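Below is target_23.pdb, holding PDB, C-alpha atoms.
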ATOM      1  CA  MET A   1     -16.224 -15.378 -40.407
ATOM      2  CA  THR A   2     -15.206 -13.582 -37.220
ATOM      3  CA  PRO A   3     -13.671 -15.475 -34.299
ATOM      4  CA  ALA A   4     -16.814 -15.339 -32.219
ATOM      5  CA  GLU A   5     -19.185 -16.702 -34.846
ATOM      6  CA  GLY A   6     -20.029 -20.346 -34.581
ATOM      7  CA  THR A   7     -18.307 -20.712 -31.253
ATOM      8  CA  SER A   8     -21.043 -21.245 -28.767
ATOM      9  CA  ALA A   9     -18.500 -21.382 -25.967
ATOM     10  CA  ALA A  10     -17.634 -17.704 -26.396
ATOM     11  CA  ALA A  11     -19.491 -16.732 -23.254
ATOM     12  CA  SER A  12     -17.401 -19.184 -21.247
ATOM     13  CA  ASP A  13     -14.135 -17.742 -22.343
ATOM     14  CA  PRO A  14     -11.978 -16.235 -19.641
ATOM     15  CA  PRO A  15     -11.250 -12.509 -19.590
ATOM     16  CA  GLY A  16      -8.698 -11.337 -22.101
ATOM     17  CA  LYS A  17     -10.149 -13.068 -25.131
ATOM     18  CA  SER A  18     -10.370  -9.787 -26.972
ATOM     19  CA  ALA A  19      -6.596  -9.442 -26.673
ATOM     20  CA  PHE A  20      -5.886 -12.356 -28.957
ATOM     21  CA  ALA A  21      -5.403 -12.296 -32.687
ATOM     22  CA  ALA A  22      -7.852 -13.856 -35.130
ATOM     23  CA  PRO A  23      -7.727 -17.635 -34.926
ATOM     24  CA  ARG A  24      -6.003 -19.405 -37.770
ATOM     25  CA  PHE A  25      -8.523 -22.205 -38.310
ATOM     26  CA  GLU A  26     -12.229 -22.258 -38.973
ATOM     27  CA  PRO A  27     -14.614 -25.112 -38.241
ATOM     28  CA  GLY A  28     -14.166 -27.855 -40.826
ATOM     29  CA  ALA A  29     -10.483 -27.088 -41.497
ATOM     30  CA  ARG A  30      -8.333 -30.191 -42.004
ATOM     31  CA  VAL A  31      -5.296 -30.024 -39.759
ATOM     32  CA  LEU A  32      -2.138 -31.960 -38.976
ATOM     33  CA  VAL A  33      -0.989 -32.283 -35.381
ATOM     34  CA  LEU A  34       2.748 -31.583 -35.293
ATOM     35  CA  ASP A  35       4.874 -34.709 -35.065
ATOM     36  CA  ASP A  36       7.026 -32.995 -32.485
ATOM     37  CA  TRP A  37       8.441 -34.461 -29.274
ATOM     38  CA  PRO A  38       9.660 -31.633 -27.005
ATOM     39  CA  GLU A  39       9.940 -34.263 -24.254
ATOM     40  CA  ARG A  40      13.105 -35.462 -25.958
ATOM     41  CA  ARG A  41      14.703 -32.025 -25.824
ATOM     42  CA  GLY A  42      14.305 -31.287 -22.143
ATOM     43  CA  PRO A  43      11.826 -30.471 -19.369
ATOM     44  CA  CYS A  44       8.425 -29.467 -20.697
ATOM     45  CA  HIS A  45       4.714 -29.649 -19.988
ATOM     46  CA  ILE A  46       2.692 -30.642 -23.050
ATOM     47  CA  ARG A  47      -1.086 -31.006 -23.236
ATOM     48  CA  THR A  48      -1.063 -32.597 -26.707
ATOM     49  CA  PRO A  49      -1.427 -36.373 -26.252
ATOM     50  CA  HIS A  50       1.296 -38.618 -27.700
ATOM     51  CA  TYR A  51      -1.167 -40.669 -29.704
ATOM     52  CA  LEU A  52      -2.192 -37.649 -31.782
ATOM     53  CA  ARG A  53       1.249 -36.376 -32.804
ATOM     54  CA  GLY A  54       1.504 -36.533 -36.579
ATOM     55  CA  ARG A  55      -2.207 -37.354 -36.998
ATOM     56  CA  THR A  56      -4.724 -35.536 -39.143
ATOM     57  CA  GLY A  57      -8.037 -34.297 -37.875
ATOM     58  CA  THR A  58     -10.806 -31.784 -38.485
ATOM     59  CA  VAL A  59     -11.368 -28.621 -36.494
ATOM     60  CA  GLN A  60     -14.794 -28.839 -34.920
ATOM     61  CA  ARG A  61     -14.798 -25.397 -33.315
ATOM     62  CA  LEU A  62     -12.777 -22.776 -31.515
ATOM     63  CA  LEU A  63     -13.168 -23.219 -27.756
ATOM     64  CA  GLY A  64     -11.564 -19.937 -26.801
ATOM     65  CA  CYS A  65      -8.246 -18.472 -25.878
ATOM     66  CA  PHE A  66      -6.256 -19.715 -22.909
ATOM     67  CA  ALA A  67      -2.888 -19.156 -21.290
ATOM     68  CA  SER A  68      -0.367 -21.617 -22.680
ATOM     69  CA  PRO A  69       0.125 -24.499 -20.220
ATOM     70  CA  GLU A  70       3.616 -24.950 -21.627
ATOM     71  CA  ASP A  71       4.609 -21.657 -19.973
ATOM     72  CA  LEU A  72       2.249 -21.752 -16.999
ATOM     73  CA  ALA A  73       3.748 -25.018 -15.778
ATOM     74  CA  PHE A  74       7.126 -23.348 -15.361
ATOM     75  CA  GLY A  75       5.865 -20.070 -13.905
ATOM     76  CA  ARG A  76       6.784 -18.167 -17.065
ATOM     77  CA  PRO A  77       4.672 -15.325 -18.471
ATOM     78  CA  ALA A  78       2.124 -17.267 -20.514
ATOM     79  CA  SER A  79       0.977 -16.142 -23.934
ATOM     80  CA  ARG A  80      -2.683 -16.659 -24.739
ATOM     81  CA  ARG A  81      -3.325 -19.247 -27.404
ATOM     82  CA  ALA A  82      -6.343 -20.298 -29.411
ATOM     83  CA  LEU A  83      -7.685 -23.675 -28.269
ATOM     84  CA  TYR A  84      -9.686 -25.852 -30.668
ATOM     85  CA  HIS A  85     -11.809 -28.948 -30.379
ATOM     86  CA  VAL A  86     -10.381 -31.242 -33.046
ATOM     87  CA  LEU A  87     -12.081 -34.405 -34.264
ATOM     88  CA  PHE A  88     -10.131 -37.534 -35.287
ATOM     89  CA  GLU A  89     -11.209 -40.853 -36.729
ATOM     90  CA  GLN A  90     -10.287 -43.479 -34.207
ATOM     91  CA  GLN A  91      -9.382 -46.409 -36.462
ATOM     92  CA  PRO A  92      -6.369 -44.898 -38.275
ATOM     93  CA  ILE A  93      -4.777 -43.976 -34.955
ATOM     94  CA  TRP A  94      -4.760 -47.468 -33.475
ATOM     95  CA  ASN A  95      -5.168 -49.675 -36.547
ATOM     96  CA  GLU A  96      -8.101 -51.208 -34.743
ATOM     97  CA  GLY A  97     -11.492 -50.219 -33.512
ATOM     98  CA  HIS A  98     -14.930 -49.588 -34.862
ATOM     99  CA  CYS A  99     -15.514 -47.723 -38.110
ATOM    100  CA  GLY A 100     -17.207 -44.403 -37.383
ATOM    101  CA  ASP A 101     -15.909 -44.051 -33.844
ATOM    102  CA  GLU A 102     -14.133 -40.794 -33.150
ATOM    103  CA  LEU A 103     -11.910 -38.905 -30.740
ATOM    104  CA  LEU A 104     -12.575 -35.270 -29.867
ATOM    105  CA  VAL A 105      -9.617 -33.513 -28.265
ATOM    106  CA  GLU A 106      -8.639 -29.993 -27.152
ATOM    107  CA  ILE A 107      -5.517 -28.877 -29.014
ATOM    108  CA  PHE A 108      -3.722 -25.531 -28.977
ATOM    109  CA  GLU A 109      -3.238 -23.711 -32.265
ATOM    110  CA  HIS A 110       0.571 -23.810 -32.216
ATOM    111  CA  TRP A 111       0.355 -27.617 -32.405
ATOM    112  CA  LEU A 112      -1.698 -27.536 -35.619
ATOM    113  CA  GLU A 113      -0.733 -27.077 -39.251
ATOM    114  CA  PRO A 114      -3.136 -26.738 -42.166
ATOM    115  CA  ILE A 115      -3.125 -29.874 -44.322
ATOM    116  CA  GLU A 116      -2.809 -27.951 -47.607
ATOM    117  CA  ALA A 117       0.356 -26.145 -46.514
ATOM    118  CA  THR A 118       1.878 -29.437 -45.435
ATOM    119  CA  LYS A 119       1.205 -31.011 -48.826
ATOM    120  CA  LYS A 120       2.930 -28.117 -50.574
ATOM    121  CA  ALA A 121       5.939 -28.465 -48.308
ATOM    122  CA  ILE A 122       6.303 -32.112 -49.352
TER     123      ILE A 122
ATOM    124  CA  MET B   1      -5.490 -48.964 -10.379
ATOM    125  CA  SER B   2      -4.701 -45.397  -9.454
ATOM    126  CA  ALA B   3      -1.177 -44.076  -9.325
ATOM    127  CA  PRO B   4       0.330 -45.308  -6.067
ATOM    128  CA  THR B   5       0.357 -42.805  -3.223
ATOM    129  CA  ARG B   6       3.881 -41.997  -2.209
ATOM    130  CA  PRO B   7       4.613 -42.162   1.512
ATOM    131  CA  ASP B   8       6.046 -38.668   1.409
ATOM    132  CA  SER B   9       2.966 -37.147  -0.324
ATOM    133  CA  PRO B  10       1.382 -35.607   2.831
ATOM    134  CA  VAL B  11       4.708 -34.054   3.792
ATOM    135  CA  ARG B  12       5.150 -32.588   0.331
ATOM    136  CA  LEU B  13       1.588 -31.269   0.367
ATOM    137  CA  GLU B  14       2.165 -29.525   3.698
ATOM    138  CA  ALA B  15       5.409 -28.032   2.390
ATOM    139  CA  LEU B  16       3.658 -26.761  -0.741
ATOM    140  CA  ILE B  17       0.782 -25.219   1.230
ATOM    141  CA  GLY B  18       3.290 -23.636   3.593
ATOM    142  CA  ALA B  19       5.228 -22.116   0.704
ATOM    143  CA  LEU B  20       2.068 -20.774  -0.983
ATOM    144  CA  LYS B  21       0.875 -19.206   2.279
ATOM    145  CA  GLY B  22       4.324 -17.828   2.997
ATOM    146  CA  ARG B  23       4.391 -16.022  -0.307
ATOM    147  CA  GLY B  24       0.896 -14.656   0.077
ATOM    148  CA  ILE B  25      -0.484 -16.675  -2.857
ATOM    149  CA  LEU B  26      -2.977 -18.618  -0.751
ATOM    150  CA  THR B  27      -4.709 -18.018   2.571
ATOM    151  CA  GLU B  28      -6.161 -20.561   4.977
ATOM    152  CA  ASP B  29      -9.613 -19.032   4.437
ATOM    153  CA  GLU B  30      -9.386 -19.470   0.661
ATOM    154  CA  LEU B  31      -8.258 -23.035   1.108
ATOM    155  CA  THR B  32     -11.145 -23.786   3.471
ATOM    156  CA  ALA B  33     -13.683 -22.105   1.164
ATOM    157  CA  ARG B  34     -12.489 -24.073  -1.870
ATOM    158  CA  GLN B  35     -12.479 -27.309   0.136
ATOM    159  CA  ALA B  36     -16.064 -26.658   1.247
ATOM    160  CA  GLN B  37     -17.132 -25.861  -2.315
ATOM    161  CA  THR B  38     -15.539 -29.049  -3.641
ATOM    162  CA  ASP B  39     -16.971 -31.158  -0.832
ATOM    163  CA  CYS B  40     -20.529 -29.980  -1.466
ATOM    164  CA  ALA B  41     -20.344 -30.627  -5.215
ATOM    165  CA  SER B  42     -21.823 -33.985  -6.177
ATOM    166  CA  PRO B  43     -23.184 -35.793  -9.233
ATOM    167  CA  GLU B  44     -26.668 -34.795  -8.053
ATOM    168  CA  ILE B  45     -25.984 -31.338  -9.479
ATOM    169  CA  GLY B  46     -25.091 -32.732 -12.903
ATOM    170  CA  ALA B  47     -28.072 -35.091 -12.755
ATOM    171  CA  ARG B  48     -30.401 -32.184 -12.027
ATOM    172  CA  MET B  49     -28.982 -30.251 -14.981
ATOM    173  CA  VAL B  50     -29.634 -33.229 -17.263
ATOM    174  CA  ALA B  51     -33.154 -33.851 -15.977
ATOM    175  CA  ARG B  52     -34.035 -30.211 -16.534
ATOM    176  CA  ALA B  53     -32.633 -30.384 -20.074
ATOM    177  CA  TRP B  54     -34.911 -33.362 -20.782
ATOM    178  CA  LEU B  55     -37.928 -31.310 -19.720
ATOM    179  CA  ASP B  56     -37.150 -27.742 -20.748
ATOM    180  CA  PRO B  57     -35.922 -26.990 -24.300
ATOM    181  CA  GLU B  58     -34.813 -23.488 -23.342
ATOM    182  CA  TRP B  59     -32.706 -24.808 -20.488
ATOM    183  CA  ARG B  60     -31.307 -27.441 -22.823
ATOM    184  CA  ARG B  61     -30.151 -24.729 -25.215
ATOM    185  CA  LEU B  62     -28.458 -22.839 -22.379
ATOM    186  CA  LEU B  63     -26.794 -26.010 -21.074
ATOM    187  CA  LEU B  64     -25.383 -26.902 -24.495
ATOM    188  CA  SER B  65     -24.305 -23.402 -25.459
ATOM    189  CA  ASP B  66     -22.766 -22.377 -22.138
ATOM    190  CA  GLY B  67     -22.404 -25.052 -19.482
ATOM    191  CA  SER B  68     -20.797 -22.648 -17.016
ATOM    192  CA  ALA B  69     -23.734 -20.231 -17.235
ATOM    193  CA  ALA B  70     -26.123 -23.153 -16.743
ATOM    194  CA  ALA B  71     -24.203 -24.272 -13.660
ATOM    195  CA  GLU B  72     -24.285 -20.727 -12.292
ATOM    196  CA  ALA B  73     -28.043 -20.679 -12.904
ATOM    197  CA  MET B  74     -28.242 -23.806 -10.713
ATOM    198  CA  GLY B  75     -26.482 -21.913  -7.921
ATOM    199  CA  VAL B  76     -23.037 -23.401  -8.509
ATOM    200  CA  SER B  77     -20.247 -20.856  -8.226
ATOM    201  CA  MET B  78     -18.046 -21.228 -11.287
ATOM    202  CA  ALA B  79     -15.686 -18.395 -10.317
ATOM    203  CA  GLY B  80     -12.170 -19.635 -10.864
ATOM    204  CA  ALA B  81     -13.420 -22.969 -12.217
ATOM    205  CA  PRO B  82     -12.542 -24.115 -15.740
ATOM    206  CA  PRO B  83     -15.334 -23.602 -18.289
ATOM    207  CA  LEU B  84     -17.869 -26.426 -18.433
ATOM    208  CA  GLY B  85     -18.714 -27.969 -21.795
ATOM    209  CA  VAL B  86     -21.689 -30.272 -22.286
ATOM    210  CA  LEU B  87     -21.653 -33.090 -24.848
ATOM    211  CA  GLU B  88     -25.040 -33.899 -26.341
ATOM    212  CA  ASP B  89     -25.665 -37.592 -26.960
ATOM    213  CA  MET B  90     -27.692 -38.316 -30.101
ATOM    214  CA  PRO B  91     -29.627 -41.376 -31.227
ATOM    215  CA  ARG B  92     -26.538 -42.368 -33.239
ATOM    216  CA  ARG B  93     -23.749 -40.852 -31.153
ATOM    217  CA  HIS B  94     -22.574 -41.693 -27.661
ATOM    218  CA  HIS B  95     -19.965 -39.647 -25.772
ATOM    219  CA  LEU B  96     -17.379 -41.030 -23.368
ATOM    220  CA  VAL B  97     -15.207 -38.668 -21.311
ATOM    221  CA  VAL B  98     -11.637 -39.391 -20.246
ATOM    222  CA  CYS B  99      -8.527 -37.417 -19.370
ATOM    223  CA  THR B 100      -5.559 -39.370 -20.679
ATOM    224  CA  LEU B 101      -3.016 -36.891 -19.343
ATOM    225  CA  CYS B 102      -4.212 -36.647 -15.734
ATOM    226  CA  SER B 103      -7.672 -36.563 -14.194
ATOM    227  CA  CYS B 104      -9.509 -33.481 -15.527
ATOM    228  CA  TYR B 105     -13.125 -33.874 -14.459
ATOM    229  CA  PRO B 106     -16.062 -31.448 -14.116
ATOM    230  CA  ARG B 107     -15.714 -31.273 -10.337
ATOM    231  CA  ALA B 108     -17.892 -28.187  -9.984
ATOM    232  CA  VAL B 109     -20.979 -30.175 -11.037
ATOM    233  CA  LEU B 110     -19.928 -33.791 -10.364
ATOM    234  CA  GLY B 111     -17.753 -33.561  -7.255
ATOM    235  CA  TYR B 112     -14.624 -35.624  -6.784
ATOM    236  CA  PRO B 113     -13.754 -38.009  -9.611
ATOM    237  CA  PRO B 114     -14.044 -41.707  -8.781
ATOM    238  CA  HIS B 115     -10.783 -43.645  -8.401
ATOM    239  CA  TRP B 116     -11.255 -45.589 -11.601
ATOM    240  CA  TYR B 117     -11.472 -42.358 -13.601
ATOM    241  CA  LYS B 118      -7.924 -41.533 -12.490
ATOM    242  CA  SER B 119      -6.592 -45.055 -13.058
ATOM    243  CA  PHE B 120      -3.963 -45.761 -15.679
ATOM    244  CA  ALA B 121      -6.139 -48.555 -17.061
ATOM    245  CA  TYR B 122      -9.179 -46.384 -17.743
ATOM    246  CA  ARG B 123      -7.117 -43.515 -19.132
ATOM    247  CA  ALA B 124      -5.170 -45.759 -21.483
ATOM    248  CA  ARG B 125      -8.045 -47.935 -22.627
ATOM    249  CA  ALA B 126     -10.865 -45.417 -23.026
ATOM    250  CA  VAL B 127      -9.224 -43.803 -26.050
ATOM    251  CA  ARG B 128      -8.062 -47.046 -27.658
ATOM    252  CA  ASP B 129     -10.799 -49.544 -26.859
ATOM    253  CA  PRO B 130     -13.832 -47.558 -25.721
ATOM    254  CA  ARG B 131     -16.261 -50.308 -26.705
ATOM    255  CA  GLY B 132     -14.301 -52.842 -24.661
ATOM    256  CA  VAL B 133     -14.413 -50.492 -21.679
ATOM    257  CA  LEU B 134     -18.145 -49.922 -22.101
ATOM    258  CA  ALA B 135     -18.752 -53.690 -22.372
ATOM    259  CA  GLU B 136     -16.943 -54.253 -19.083
ATOM    260  CA  TRP B 137     -19.245 -51.698 -17.487
ATOM    261  CA  GLY B 138     -22.184 -53.672 -18.857
ATOM    262  CA  THR B 139     -23.086 -50.759 -21.112
ATOM    263  CA  VAL B 140     -24.640 -51.939 -24.346
ATOM    264  CA  LEU B 141     -25.162 -49.352 -27.060
ATOM    265  CA  PRO B 142     -27.908 -49.883 -29.617
ATOM    266  CA  LYS B 143     -26.692 -51.031 -33.015
ATOM    267  CA  GLY B 144     -25.542 -48.199 -35.273
ATOM    268  CA  VAL B 145     -24.470 -45.911 -32.447
ATOM    269  CA  GLU B 146     -21.019 -44.412 -32.918
ATOM    270  CA  VAL B 147     -18.757 -43.661 -29.978
ATOM    271  CA  ARG B 148     -17.075 -40.293 -29.666
ATOM    272  CA  VAL B 149     -14.391 -40.313 -26.968
ATOM    273  CA  VAL B 150     -13.680 -36.857 -25.577
ATOM    274  CA  ASP B 151     -10.150 -36.620 -24.209
ATOM    275  CA  SER B 152     -10.152 -33.756 -21.735
ATOM    276  CA  THR B 153      -6.629 -32.514 -22.359
ATOM    277  CA  ALA B 154      -6.669 -28.796 -21.682
ATOM    278  CA  ASP B 155      -8.821 -26.020 -20.274
ATOM    279  CA  TYR B 156     -12.405 -27.274 -20.534
ATOM    280  CA  ARG B 157     -14.169 -29.797 -18.351
ATOM    281  CA  TRP B 158     -16.735 -32.019 -20.047
ATOM    282  CA  MET B 159     -20.018 -33.548 -18.962
ATOM    283  CA  VAL B 160     -22.340 -35.764 -21.013
ATOM    284  CA  LEU B 161     -25.994 -34.980 -21.636
ATOM    285  CA  PRO B 162     -27.333 -38.526 -22.180
ATOM    286  CA  LEU B 163     -30.437 -39.413 -24.137
ATOM    287  CA  ARG B 164     -33.623 -39.548 -22.131
ATOM    288  CA  PRO B 165     -34.553 -43.227 -21.881
ATOM    289  CA  GLU B 166     -37.877 -44.519 -23.127
ATOM    290  CA  GLY B 167     -40.497 -45.260 -20.519
ATOM    291  CA  THR B 168     -40.029 -41.967 -18.674
ATOM    292  CA  ASP B 169     -42.947 -40.016 -20.130
ATOM    293  CA  GLY B 170     -44.627 -37.780 -17.608
ATOM    294  CA  TRP B 171     -41.852 -38.149 -15.050
ATOM    295  CA  SER B 172     -41.029 -35.236 -12.762
ATOM    296  CA  GLU B 173     -37.640 -33.545 -12.705
ATOM    297  CA  ASP B 174     -36.848 -35.255  -9.378
ATOM    298  CA  ARG B 175     -37.708 -38.668 -10.719
ATOM    299  CA  LEU B 176     -35.683 -38.125 -13.894
ATOM    300  CA  ALA B 177     -32.686 -36.809 -11.960
ATOM    301  CA  ALA B 178     -32.704 -39.972  -9.854
ATOM    302  CA  ILE B 179     -31.826 -42.165 -12.844
ATOM    303  CA  VAL B 180     -28.918 -39.995 -13.999
ATOM    304  CA  THR B 181     -25.922 -41.516 -12.257
ATOM    305  CA  ARG B 182     -22.406 -40.193 -11.939
ATOM    306  CA  ASP B 183     -21.276 -42.848 -14.401
ATOM    307  CA  ALA B 184     -23.876 -41.743 -16.957
ATOM    308  CA  LEU B 185     -22.586 -38.172 -16.688
ATOM    309  CA  VAL B 186     -19.200 -39.219 -18.083
ATOM    310  CA  GLY B 187     -20.659 -41.776 -20.486
ATOM    311  CA  VAL B 188     -19.518 -45.125 -19.099
ATOM    312  CA  ALA B 189     -23.152 -45.960 -18.333
ATOM    313  CA  LEU B 190     -26.594 -45.058 -19.662
ATOM    314  CA  PRO B 191     -29.527 -43.858 -17.550
ATOM    315  CA  GLN B 192     -31.572 -46.949 -16.746
ATOM    316  CA  VAL B 193     -35.279 -47.228 -16.108
ATOM    317  CA  THR B 194     -34.967 -49.995 -13.541
ATOM    318  CA  PRO B 195     -37.914 -51.535 -11.673
ATOM    319  CA  ARG B 196     -36.765 -49.661  -8.597
ATOM    320  CA  THR B 197     -36.993 -46.252 -10.244
ATOM    321  CA  VAL B 198     -40.319 -47.150 -11.827
ATOM    322  CA  ALA B 199     -41.688 -47.985  -8.376
ATOM    323  CA  VAL B 200     -40.739 -44.580  -6.938
TER     324      VAL B 200
END

Produce structure tokens that represent the structure in this file.
Amino acid sequence: MTPAEGTSAAASDPPGKSAFAAPRFEPGARVLVLDDWPERRGPCHIRTPHYLRGRTGTVQRLLGCFASPEDLAFGRPASRRALYHVLFEQQPIWNEGHCGDELLVEIFEHWLEPIEATKKAI
Amino acid sequence: MSAPTRPDSPVRLEALIGALKGRGILTEDELTARQAQTDCASPEIGARMVARAWLDPEWRRLLLSDGSAAAEAMGVSMAGAPPLGVLEDMPRRHHLVVCTLCSCYPRAVLGYPPHWYKSFAYRARAVRDPRGVLAEWGTVLPKGVEVRVVDSTADYRWMVLPLRPEGTDGWSEDRLAAIVTRDALVGVALPQVTPRTVAV
């Protein structure tokens, strides 16, 4: 599957999309959000919500390729990163809630790890 | 409640604008043009897009596949605006939009976000207790409907395409658009066929 297939948002992507490498994840891929806290290491600008760090979800689709906000916020040259819509079950995150309810969140590729690779590492 | 306004905010804003102009990053004309564009955006645009989607399957496909192109087709300039994504409600799935990190909102088609959308309370609770939030709005979902909260954390801006309510057969686009409120466009409310809209 090529990057553009199955991503209906392709036409909305900003210029420069062609410059980015093939995305790592396809729709349906199980992914782990890194349990990383750059906030503890110094000034940073992170668009990955706290409540999703270390959580597992499913890639719904590739949204496109965007300049990394982690660089943009500091006026640094920003690399373009793949941005995905990732779906999470709500209950495991909060230990409460309604079965079947979900969260759908935009997450950059460098915050995601494939679940299989993680299992092997353990 | 929203984040408190600091007394020095206007001074800081002026200093920032001054610095941007001084460095040639921003001109007064650009600032005025963007202000005018933002001021003329209102939820009526989003409501019109939804009403048209309820009537025209081809338009619906365009709206869902490329929200920005649909907005452009409505005469909204999306140049420089973040891409618009549209979330399709289903008989068994309801969408609720929030930005937990700040206040990302589809301003190009909905105008300025309401104060509650930017409040700490809404941002914190929408992702954790969406059904509690909906209940406080008086929004009752039919049994069996699952809630999908969309946390607008990055480069897209999201708008909800609600289900067309029953009792609206034969309605014109104008009449349908009138029942699509700002709150329905982010999913805290549902379009209502009230006696008032029926009497129109």

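Residues lying at most 8 Å from (-31.5, -40.6, -25.7) in file coordinates, with all atoms listed in the file considered, are B:Asp89, B:Met90, B:Pro91, B:Pro162, B:Leu163, B:Arg164, B:Pro165, B:Glu166.
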
Filtering to C-alpha atoms, could you give me those residues as a PDB file, keeping the file's coordinate frame?
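The resulting part32.pdb:
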ATOM      1  CA  ASP B  89     -25.665 -37.592 -26.960  1.00  0.00           C
ATOM      2  CA  MET B  90     -27.692 -38.316 -30.101  1.00  0.00           C
ATOM      3  CA  PRO B  91     -29.627 -41.376 -31.227  1.00  0.00           C
ATOM      4  CA  PRO B 162     -27.333 -38.526 -22.180  1.00  0.00           C
ATOM      5  CA  LEU B 163     -30.437 -39.413 -24.137  1.00  0.00           C
ATOM      6  CA  ARG B 164     -33.623 -39.548 -22.131  1.00  0.00           C
ATOM      7  CA  PRO B 165     -34.553 -43.227 -21.881  1.00  0.00           C
ATOM      8  CA  GLU B 166     -37.877 -44.519 -23.127  1.00  0.00           C
TER       9      GLU B 166
END

Show me a table, sorted first by chain and then by increasing residue number, of the residues of chain B having an atom at most 8 Å from chain A, each with its shortest atom pair and the distance in Å to one decimal, counting all atoms listed in the file and written as a tab-separated table.
residue	atom	partner	partner_atom	distance
B:Ser65	CA	A:Ser8	CA	5.1
B:Asp66	CA	A:Ala9	CA	5.8
B:Gly67	CA	A:Ser12	CA	7.9
B:Ser68	CA	A:Ser12	CA	6.4
B:Ala69	CA	A:Ser12	CA	7.6
B:Pro83	CA	A:Ser12	CA	5.7
B:Leu84	CA	A:Ser12	CA	7.8
B:Gly85	CA	A:Ala9	CA	7.8
B:Thr100	CA	A:Pro49	CA	7.6
B:Leu101	CA	A:Pro49	CA	7.1
B:Val127	CA	A:Leu103	CA	7.3
B:Arg128	CA	A:Trp94	CA	6.7
B:Asp129	CA	A:Gly97	CA	6.7
B:Glu146	CA	A:Asp101	CA	5.2
B:Val147	CA	A:Asp101	CA	4.8
B:Arg148	CA	A:Glu102	CA	4.6
B:Val149	CA	A:Leu103	CA	4.7
B:Val150	CA	A:Leu104	CA	4.7
B:Asp151	CA	A:Val105	CA	5.1
B:Ser152	CA	A:Val105	CA	6.6
B:Thr153	CA	A:Glu106	CA	5.8
B:Ala154	CA	A:Glu106	CA	5.9
B:Asp155	CA	A:Phe66	CA	7.3

CA of Pro92 (chain A) to CA of Gly57 (chain A), distance in Å rounded to a single decimal: 10.7 Å

Atomic separation - CA of Leu34 (chain A) relative to CA of Val59 (chain A), Å: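 Pair CA of Val59 (chain A) / CA of Leu34 (chain A) returns 14.5 Å.
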
Point-to-point distance in Å for CA of Leu72 (chain A) and CA of Met78 (chain B):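 CA of Met78 (chain B) sits 21.1 Å away from CA of Leu72 (chain A).
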
Centre and edge lengths, as AutoDock Vina command-line options, for the axis-aligned box enclosing every listed atom of region 5-11 of chain B with 4 Å of padding on each of the six sides, in Å to one decimal?
--center_x 3.2 --center_y -38.4 --center_z 0.3 --size_x 13.7 --size_y 16.8 --size_z 15.0

Residue contacts of Ile115 (chain A) (8 Å, all atoms listed in the file) excluding same-chain residues fewer than 6 positions away, as a list in words: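 So the residues in contact are Arg30, Val31, Leu32 and Thr56 of chain A.
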
Evaluate the PyMOL selection byres ((chain B and resi 87) around 8) and report residues as a list in words: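 Applied to this file, the PyMOL selection byres ((chain B and resi 87) around 8) returns Leu64, Gly85, Val86, Glu88, Asp89, His95, Trp158, Met159, Val160 and Leu161 of chain B.
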
Pull C-alpha atoms from the residues just selected and write them as a PDB file, in the frame of the given file.
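Done, and the output landed in part16.pdb:
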ATOM      1  CA  LEU B  64     -25.383 -26.902 -24.495  1.00  0.00           C
ATOM      2  CA  GLY B  85     -18.714 -27.969 -21.795  1.00  0.00           C
ATOM      3  CA  VAL B  86     -21.689 -30.272 -22.286  1.00  0.00           C
ATOM      4  CA  GLU B  88     -25.040 -33.899 -26.341  1.00  0.00           C
ATOM      5  CA  ASP B  89     -25.665 -37.592 -26.960  1.00  0.00           C
ATOM      6  CA  HIS B  95     -19.965 -39.647 -25.772  1.00  0.00           C
ATOM      7  CA  TRP B 158     -16.735 -32.019 -20.047  1.00  0.00           C
ATOM      8  CA  MET B 159     -20.018 -33.548 -18.962  1.00  0.00           C
ATOM      9  CA  VAL B 160     -22.340 -35.764 -21.013  1.00  0.00           C
ATOM     10  CA  LEU B 161     -25.994 -34.980 -21.636  1.00  0.00           C
TER      11      LEU B 161
END

Nearest candidate to Arg24 (chain A) (options A:Leu112, A:Thr58, A:Ser79, A:Asp36; using all atoms listed in the file): A:Leu112

Protein and nucleic acid residues near (-29.2, -47.1, -19.2) (cut-off 10 Å, all atoms listed in the file) as a VMD selection string: chain B and resid 138 to 141 162 to 166 179 to 181 184 188 to 194

Which residue of B:Ala73, B:Asp174, B:Ala135, B:Leu13 approaches Trp59 (chain B) most closely, using only C-alpha atoms: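 Closest residue, counting only C-alpha atoms: B:Ala73.
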
Residues matched by the PyMOL selection byres ((chain B and resi 116) around 12), written as JSON, numbers by chain: {"B": [1, 2, 3, 98, 99, 103, 112, 113, 114, 115, 117, 118, 119, 120, 121, 122, 123, 124, 125, 126, 133, 137, 183, 188]}

All residues 12 Å or closer to Ala178 (chain B), all atoms listed in the file, same chain fewer than 6 positions away omitted, as a PyMOL selection string: chain B and resi 43-52+168+171-172+184+191-194+196-198+200

Distance criterion (all atoms listed in the file): nearest to Val186 (chain B) out of B:Pro106, B:Pro82, B:Gly144, B:Gly170: B:Pro106

Expansion of the PyMOL selection byres ((chain B and resi 33-38) around 8) into residues, as a VMD selection string: chain B and resid 29 to 32 39 to 41 107 to 108 111 to 112

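If you measure from each of A:Pro77, A:Arg40, A:Leu52, A:Glu70 to His110 (chain A) using only C-alpha atoms, the closest one turns out to be A:Glu70.
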